[in-house]
Amino acid sequence: MQAPFVCNRGCLPIDLKSSGAMNIKEIDFLGWKNCIELTNGIVRMVVTTQVGPRIIHLSFIDGDNLLYQDSETLGSTGGDDFHLYGGHRFWCAPEILETTYVPDNFPVKTEVSGEVVRFIAPVEKSGIEKTIEISLHSSAAQAIVNHNLMNRGNQTLTLAPWGLTMMKPGGTAILPHSLDRLEQFPPTHMLALWSYSRMADPRWTWGDRFILLRQDPTAGTPQKVGVQNEYGWAAYAVDGQLFVKKYTWNDGVITPDYSCNFEIFTNKKFLEVETLGATCTLMPEATVAHQETWELHKNVPLPNSEADVEQWIMPLI
């Protein structure tokens with residue numbers, strides 16, 4: 001078995017070349033004070049600082065929020081219970097109750113460095129310090145979201161960065177899994193299922209080239225799948241818009257959940273588009289980084305089949 005990837009410094013520094021001028025403003029939002037609003041004249045993002053951090057809002061300047069917001073916990077702070085809140089969050093894999101679901105209900109530190117805004121969460125009991133860095137493209141509906149894990153403790157940790165984006169209900173996720181594989185005999189890639197995954201659930205479309213998962217507010221059970229995605233993207237279509245999440249595929253590294261680097265999950269409230277970085281042996285004072293690129297597109301119909309994905313989604317990818 002291949003040894004875990006060892007990283008003693010930031011492995012993927014944020015790419016400032018694709019960043020441009022941002023407008024940065026402090027606002028009150030959804031009951032939280034001191035949120036940070038980022039705009040570039042094309043897209044708008046809002047990040048909480050009293051909790052999280054959570055990227056709680058993502059939209060075109062003239063559009064509706066594409067992210068899920070948990071109405072029961074919006075504006076709340078403090079306490080010992082973990083809250084989803086909504087939006088995009090930063091976790092560590094593997095998923096373990098004691099270390100994954102650490103409450104992040106307290107203020108975070110905010111820094112601005114050039115065209116990058118940095119949100120630094122308090123150090124957790126394990127010694128982990130989580131930082132999210134955001135920069136917006138100067139002339140496109142694109143954002144760089146960088147996730148940094150730093151080991152502030154005294155013990156070596158084995159973990160992987162994990163970015164989870166909770167999308168609003170009513171849409172369809174698209175996950176590529178076999179776009180150009182021609183082998184006939186050896187297996188080509190991994191597919192991970194969970195105890196609650198049901199392949200016969202009508203929300204799934206198991207295509208030859210794409211997996212589709214529909215978010216259904218009337219569904220009673222969750223669904224999830226993970227893949228070893230060498231194409232480096234997944235997408236979510238909803239309300240005539242398309243959210244695309246990209247992540248660089250690194251062949252040969254070990255990722256969690258049977259070598260999955262992309263996962264999609266849904267329940268009756270939202271759908272998540274998730275990326276997982278390499279499993280790292282993180283020494284004290286070492287940092288590992290995990291970078292995502294987000295893109296938004298307008299006037300995109302909701303796909304119901306692989307043919308729809310080929311016609312409407314692939315030209316944008």
# chains A, B, ... in the order shown; residues from 1 in each chain; ligands from 1

$ residues_around --residues "region 91-97 of chain A" --least-positions-apart "4" --cutoff "8 Å" --atoms "only C-alpha atoms" --output "ChimeraX atom specification"
/A:101,159-164,256-257,276

$ select_by_dssp --residues "region 43-147 of chain A" --states "alpha helix (DSSP H)" --output "PyMOL selection string"
chain A and resi 97-100

$ write_last_selection --atoms "N, CA and C atoms" --output "short mmCIF file (atom, residue, chain, number, x, y, z; two decimals), in the first residue's frame"
data_model
loop_
_atom_site.label_atom_id
_atom_site.label_comp_id
_atom_site.auth_asym_id
_atom_site.auth_seq_id
_atom_site.Cartn_x
_atom_site.Cartn_y
_atom_site.Cartn_z
N LEU A 97 -16.96 11.33 14.36
CA LEU A 97 -17.83 12.21 15.13
C LEU A 97 -17.04 13.18 16.00
N GLU A 98 -16.02 12.70 16.71
CA GLU A 98 -15.33 13.53 17.69
C GLU A 98 -14.48 14.62 17.04
N THR A 99 -13.93 14.35 15.86
CA THR A 99 -13.02 15.31 15.24
C THR A 99 -13.64 16.05 14.06
N THR A 100 -14.58 15.43 13.37
CA THR A 100 -15.19 16.08 12.20
C THR A 100 -16.24 17.10 12.63
#

$ closest_residue --among "A:Thr49, A:Asn148, A:Thr172, A:Gln241" --to "Asn299 (chain A)" --atoms "only C-alpha atoms"
A:Gln241

$ atom_distance --atom1 "CA of Phe90 (chain A)" --atom2 "CA of Gly277 (chain A)"
11.5 Å

$ closest_residue --among "A:Thr266, A:Pro107, A:Asp80, A:Glu72" --to "Gly220 (chain A)" --atoms "only C-alpha atoms"
A:Thr266

$ residues_around --residues "Asp64 (chain A)" --least-positions-apart "5" --cutoff "12 Å" --atoms "only C-alpha atoms" --output "list in words"
Val43, Arg44, Met45, His57, Leu58, Ser59, Lys168, Val238, Asp239, Gly240, Gln241 and Lys298 of chain A

$ write_last_selection --atoms "C-alpha atoms" --output "short mmCIF file (atom, residue, chain, number, x, y, z; two decimals), in the first residue's frame"
data_model
loop_
_atom_site.label_atom_id
_atom_site.label_comp_id
_atom_site.auth_asym_id
_atom_site.auth_seq_id
_atom_site.Cartn_x
_atom_site.Cartn_y
_atom_site.Cartn_z
CA VAL A 43 -20.59 37.71 -8.50
CA ARG A 44 -21.32 38.25 -4.81
CA MET A 45 -20.10 36.17 -1.87
CA HIS A 57 -24.05 33.35 0.10
CA LEU A 58 -22.98 32.87 -3.54
CA SER A 59 -24.74 34.50 -6.46
CA LYS A 168 -30.07 25.09 -2.47
CA VAL A 238 -30.58 24.83 -10.34
CA ASP A 239 -32.94 27.68 -11.28
CA GLY A 240 -31.36 28.19 -14.70
CA GLN A 241 -27.84 28.52 -13.26
CA LYS A 298 -26.29 31.64 -16.44
#

$ residues_around --residues "Leu302 (chain A)" --least-positions-apart "5" --cutoff "12 Å" --atoms "only C-alpha atoms" --output "ChimeraX atom specification"
/A:170-174,212-215,235-243,307-309,311-313

$ atom_distance --atom1 "CA of Ala289 (chain A)" --atom2 "CA of Leu67 (chain A)"
23.4 Å

$ select_by_dssp --residues "region 107-226 of chain A" --states "strand (DSSP E or B)" --output "PyMOL selection string"
chain A and resi 109-113+116-120+128-136+142-151+157-167+172-176+191-193+204-206+210-214+223-226

$ closest_residue --among "A:Val102, A:Ala140, A:Ile120, A:Ala278" --to "Trp249 (chain A)" --atoms "only C-alpha atoms"
A:Ala278

$ residues_around --residues "Thr248 (chain A)" --least-positions-apart "3" --cutoff "10 Å" --atoms "only C-alpha atoms" --output "PyMOL selection string"
chain A and resi 12+229-233+251+261+277+290-293

$ write_last_selection --atoms "C-alpha atoms" --output "PDB file, in the first residue's frame"
ATOM      1  CA  LEU A  12      -1.021  24.473  -3.237  1.00  0.00           C
ATOM      2  CA  ASN A 229     -12.599  11.701 -10.444  1.00  0.00           C
ATOM      3  CA  GLU A 230      -9.580  12.324 -12.663  1.00  0.00           C
ATOM      4  CA  TYR A 231     -11.509  14.953 -14.639  1.00  0.00           C
ATOM      5  CA  GLY A 232     -11.355  17.334 -11.698  1.00  0.00           C
ATOM      6  CA  TRP A 233     -14.842  18.853 -11.744  1.00  0.00           C
ATOM      7  CA  ASP A 251      -2.558  10.857  -9.823  1.00  0.00           C
ATOM      8  CA  ASN A 261     -11.656  12.915  -4.398  1.00  0.00           C
ATOM      9  CA  GLY A 277      -7.614  16.417  -0.729  1.00  0.00           C
ATOM     10  CA  HIS A 290      -6.470  22.279  -0.771  1.00  0.00           C
ATOM     11  CA  GLN A 291      -7.609  24.588  -3.569  1.00  0.00           C
ATOM     12  CA  GLU A 292     -10.972  24.714  -5.353  1.00  0.00           C
ATOM     13  CA  THR A 293     -11.990  26.882  -8.284  1.00  0.00           C
TER      14      THR A 293
END
